[in-house]
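Participant: Following this message is one structure expressed as structure tokens.
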Amino acid sequence: MRLNKFLQAAGVASRRKADELILSGSVWVNGRVVREPWYEVDPEKDAVEVNGQRVELATEKHYFKFYKPRGVVSTISDPHAKRTLSDYIPLGLRLVPAGRLDLDSEGLMILTDDGDLVYRLTHPSFEVPKRYRVALDRYVKREDLEKLSWGIELEDGPFLPDRVRRLGPREVELVIHEGRKREIRRAFAALGYEVVRLVRVAIGPVELGDMRPGELRRLSPDELRALGIGKG
């Protein structure tokens, strides 16, 4: 197994973050630093350490959904952040987020130590739909909703939602399958609106439901089955 995939499967970090850890010299295999993400390791024989801590594949996978509050950085560790996901994860669990939410956004995240699930939920080729509820600073004109449906040109490419639906005079529901940085806020800004509140309410078949900010809840057997995980 490649070292970067091993770290992802062990729930240490996403594949990209695992590459960064390896290239920075933070990963040791059998007592020596390894800086090649593609280095082959045997999970049953090789001793892998990250920043001095032994890393092993979990015998049991863990799956949670989390309501990220506003003001929480959606990473496990950030020395410059006041609050990160690690403040909400029980001791002894090595979970990573399947995707991100920006600092000012809130709502559903999936946290797990199953690297394959993280890959399936985040890689663009799987086109996993994500549903958002967006509150704006003023009444949303019908013609602007139509413009959103047709697509908004941003500096890094077009923003084209899968679905646009009005929820109220100042509230819109969007379904997208991309994950570019602050793209929803930038799209509305291009139309002259300010996003007052942005909540992710669903990732694929998993919904936020009645969860409260800061709540961490195990995925139900039905949710696991809907994600293609053979539990329950």
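Residue numbering restarts at 1 for every chain of the structure tokens, chains are lettered A, B, ... in their displayed order, and ligands are numbered from 1 as they appear.
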Leaving out Arg142 of chain A and any residue of its chain fewer than 5 positions from it, which residues lie within 10 Å of it when counting only C-alpha atoms, given as a PyMOL selection string?

Facilitator: chain A and resi 147-148+166

Participant: Using N, CA and C atoms, can you export the residues from the last selection as a PDB file, in the first residue's frame?

Facilitator:
```pdb
ATOM      1  N   LYS A 147     -30.743  33.658 -13.536  1.00  0.00           N
ATOM      2  CA  LYS A 147     -29.318  33.779 -13.878  1.00  0.00           C
ATOM      3  C   LYS A 147     -28.506  32.700 -13.170  1.00  0.00           C
ATOM      4  N   LEU A 148     -28.855  32.455 -11.893  1.00  0.00           N
ATOM      5  CA  LEU A 148     -28.170  31.387 -11.160  1.00  0.00           C
ATOM      6  C   LEU A 148     -28.378  30.044 -11.839  1.00  0.00           C
ATOM      7  N   ARG A 166     -36.419  28.775  -4.652  1.00  0.00           N
ATOM      8  CA  ARG A 166     -36.710  29.814  -3.669  1.00  0.00           C
ATOM      9  C   ARG A 166     -37.390  29.190  -2.450  1.00  0.00           C
TER      10      ARG A 166
END
```

Participant: Would you tabulate, counting only C-alpha atoms, all residues of segment 176-222 of chain A that have an atom at most 12 Å from an atom of segment 53-63 of chain A, showing the closest pair of atoms and their distance in Å to one decimal, sorted by chain then ascending number, as a tab-separated table?

Facilitator:
```
residue	atom	partner	partner_atom	distance
A:Val206	CA	A:Tyr63	CA	11.6
A:Leu216	CA	A:Tyr63	CA	10.2
A:Arg217	CA	A:Tyr63	CA	8.6
A:Arg218	CA	A:Tyr63	CA	5.9
A:Leu219	CA	A:Tyr63	CA	5.7
A:Ser220	CA	A:Tyr63	CA	8.9
A:Pro221	CA	A:Tyr63	CA	10.3
```

Participant: Just C-alpha atoms for this one: save the residues we selected as a short mmCIF file (atom, residue, chain, number, x, y, z; two decimals), in the first residue's frame.

Facilitator:
```cif
data_model
loop_
_atom_site.label_atom_id
_atom_site.label_comp_id
_atom_site.auth_asym_id
_atom_site.auth_seq_id
_atom_site.Cartn_x
_atom_site.Cartn_y
_atom_site.Cartn_z
CA VAL A 206 -27.17 12.15 4.48
CA LEU A 216 -21.78 15.00 16.72
CA ARG A 217 -23.94 11.98 15.89
CA ARG A 218 -23.12 8.49 14.61
CA LEU A 219 -24.51 7.73 11.17
CA SER A 220 -27.52 5.44 11.35
CA PRO A 221 -27.61 2.01 9.67
#
```

Participant: Can you check which residues of segment 75-188 of chain A DSSP gives as helix (DSSP H, G or I) on the backbone and send them as a list in words?

Facilitator: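 Checking each residue of segment 75-188 of chain A, the helix (DSSP H, G or I) ones are Leu85, Ser86, Asp87, Gly115, Asp116, Leu117, Val118, Tyr119, Arg120, Leu121, Thr122, Pro124, Ser125, Phe126, Arg142, Glu143, Asp144, Leu145, Glu146, Lys147, Leu148, Ser149, Trp150, Glu183, Ile184, Arg185, Arg186, Ala187 and Phe188 of chain A.
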
Participant: Please indicate the distance in Å from atom CA of Ala13 of chain A to atom CA of Leu198 of chain A, rounded to one decimal place.

Facilitator: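 Taking atom CA of Ala13 of chain A as the start and atom CA of Leu198 of chain A as the end point, the length is 25.8 Å.
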
Participant: For a quick check of understanding, using only C-alpha atoms, which of A:Lys68, A:Pro169, A:Arg212, A:Ala9 has the smallest distance to Met109 of chain A?

Facilitator: A:Lys68

Participant: I want to know what sits within 7 Å of Val96 of chain A, based on only C-alpha atoms, with residues of the same chain fewer than 5 positions away left out; could you give that as JSON, numbers by chain?

Facilitator: {"A": [11, 12, 13, 76, 111, 112, 113]}

Participant: The selected residues should be written to file as a PDB file, in the first residue's frame (atoms: all heavy atoms).

Facilitator:
```
ATOM      1  N   GLY A  11      -6.983   7.272   8.732  1.00  0.00           N
ATOM      2  CA  GLY A  11      -7.708   8.417   9.273  1.00  0.00           C
ATOM      3  C   GLY A  11      -6.829   9.546   9.748  1.00  0.00           C
ATOM      4  O   GLY A  11      -7.271  10.415  10.491  1.00  0.00           O
ATOM      5  N   VAL A  12      -5.572   9.564   9.301  1.00  0.00           N
ATOM      6  CA  VAL A  12      -4.662  10.631   9.721  1.00  0.00           C
ATOM      7  C   VAL A  12      -4.993  11.933   9.008  1.00  0.00           C
ATOM      8  O   VAL A  12      -5.009  13.012   9.612  1.00  0.00           O
ATOM      9  CB  VAL A  12      -3.196  10.225   9.435  1.00  0.00           C
ATOM     10  CG1 VAL A  12      -2.252  11.387   9.705  1.00  0.00           C
ATOM     11  CG2 VAL A  12      -2.813   9.025  10.287  1.00  0.00           C
ATOM     12  N   ALA A  13      -5.249  11.849   7.704  1.00  0.00           N
ATOM     13  CA  ALA A  13      -5.479  13.053   6.908  1.00  0.00           C
ATOM     14  C   ALA A  13      -6.031  12.644   5.553  1.00  0.00           C
ATOM     15  O   ALA A  13      -6.024  11.470   5.180  1.00  0.00           O
ATOM     16  CB  ALA A  13      -4.171  13.829   6.723  1.00  0.00           C
ATOM     17  N   ILE A  76      -8.705  19.427  11.335  1.00  0.00           N
ATOM     18  CA  ILE A  76      -8.452  18.815  12.634  1.00  0.00           C
ATOM     19  C   ILE A  76      -7.491  19.655  13.451  1.00  0.00           C
ATOM     20  O   ILE A  76      -7.606  19.769  14.668  1.00  0.00           O
ATOM     21  CB  ILE A  76      -7.896  17.387  12.444  1.00  0.00           C
ATOM     22  CG1 ILE A  76      -8.910  16.519  11.695  1.00  0.00           C
ATOM     23  CG2 ILE A  76      -7.542  16.765  13.785  1.00  0.00           C
ATOM     24  CD1 ILE A  76     -10.247  16.396  12.397  1.00  0.00           C
ATOM     25  N   LEU A 111     -17.573  13.058   9.290  1.00  0.00           N
ATOM     26  CA  LEU A 111     -16.266  12.790   9.868  1.00  0.00           C
ATOM     27  C   LEU A 111     -16.094  11.278   9.986  1.00  0.00           C
ATOM     28  O   LEU A 111     -16.991  10.583  10.475  1.00  0.00           O
ATOM     29  CB  LEU A 111     -16.137  13.429  11.252  1.00  0.00           C
ATOM     30  CG  LEU A 111     -16.468  14.922  11.369  1.00  0.00           C
ATOM     31  CD1 LEU A 111     -16.273  15.385  12.809  1.00  0.00           C
ATOM     32  CD2 LEU A 111     -15.623  15.744  10.432  1.00  0.00           C
ATOM     33  N   THR A 112     -14.958  10.778   9.562  1.00  0.00           N
ATOM     34  CA  THR A 112     -14.750   9.335   9.554  1.00  0.00           C
ATOM     35  C   THR A 112     -13.265   9.007   9.546  1.00  0.00           C
ATOM     36  O   THR A 112     -12.426   9.877   9.294  1.00  0.00           O
ATOM     37  CB  THR A 112     -15.428   8.711   8.315  1.00  0.00           C
ATOM     38  OG1 THR A 112     -15.258   7.287   8.332  1.00  0.00           O
ATOM     39  CG2 THR A 112     -14.839   9.263   7.024  1.00  0.00           C
ATOM     40  N   ASP A 113     -12.945   7.739   9.825  1.00  0.00           N
ATOM     41  CA  ASP A 113     -11.581   7.236   9.645  1.00  0.00           C
ATOM     42  C   ASP A 113     -11.522   6.266   8.468  1.00  0.00           C
ATOM     43  O   ASP A 113     -10.568   5.500   8.332  1.00  0.00           O
ATOM     44  CB  ASP A 113     -11.052   6.581  10.924  1.00  0.00           C
ATOM     45  CG  ASP A 113     -12.033   5.595  11.537  1.00  0.00           C
ATOM     46  OD1 ASP A 113     -12.985   5.172  10.837  1.00  0.00           O
ATOM     47  OD2 ASP A 113     -11.866   5.240  12.718  1.00  0.00           O
TER      48      ASP A 113
END
```
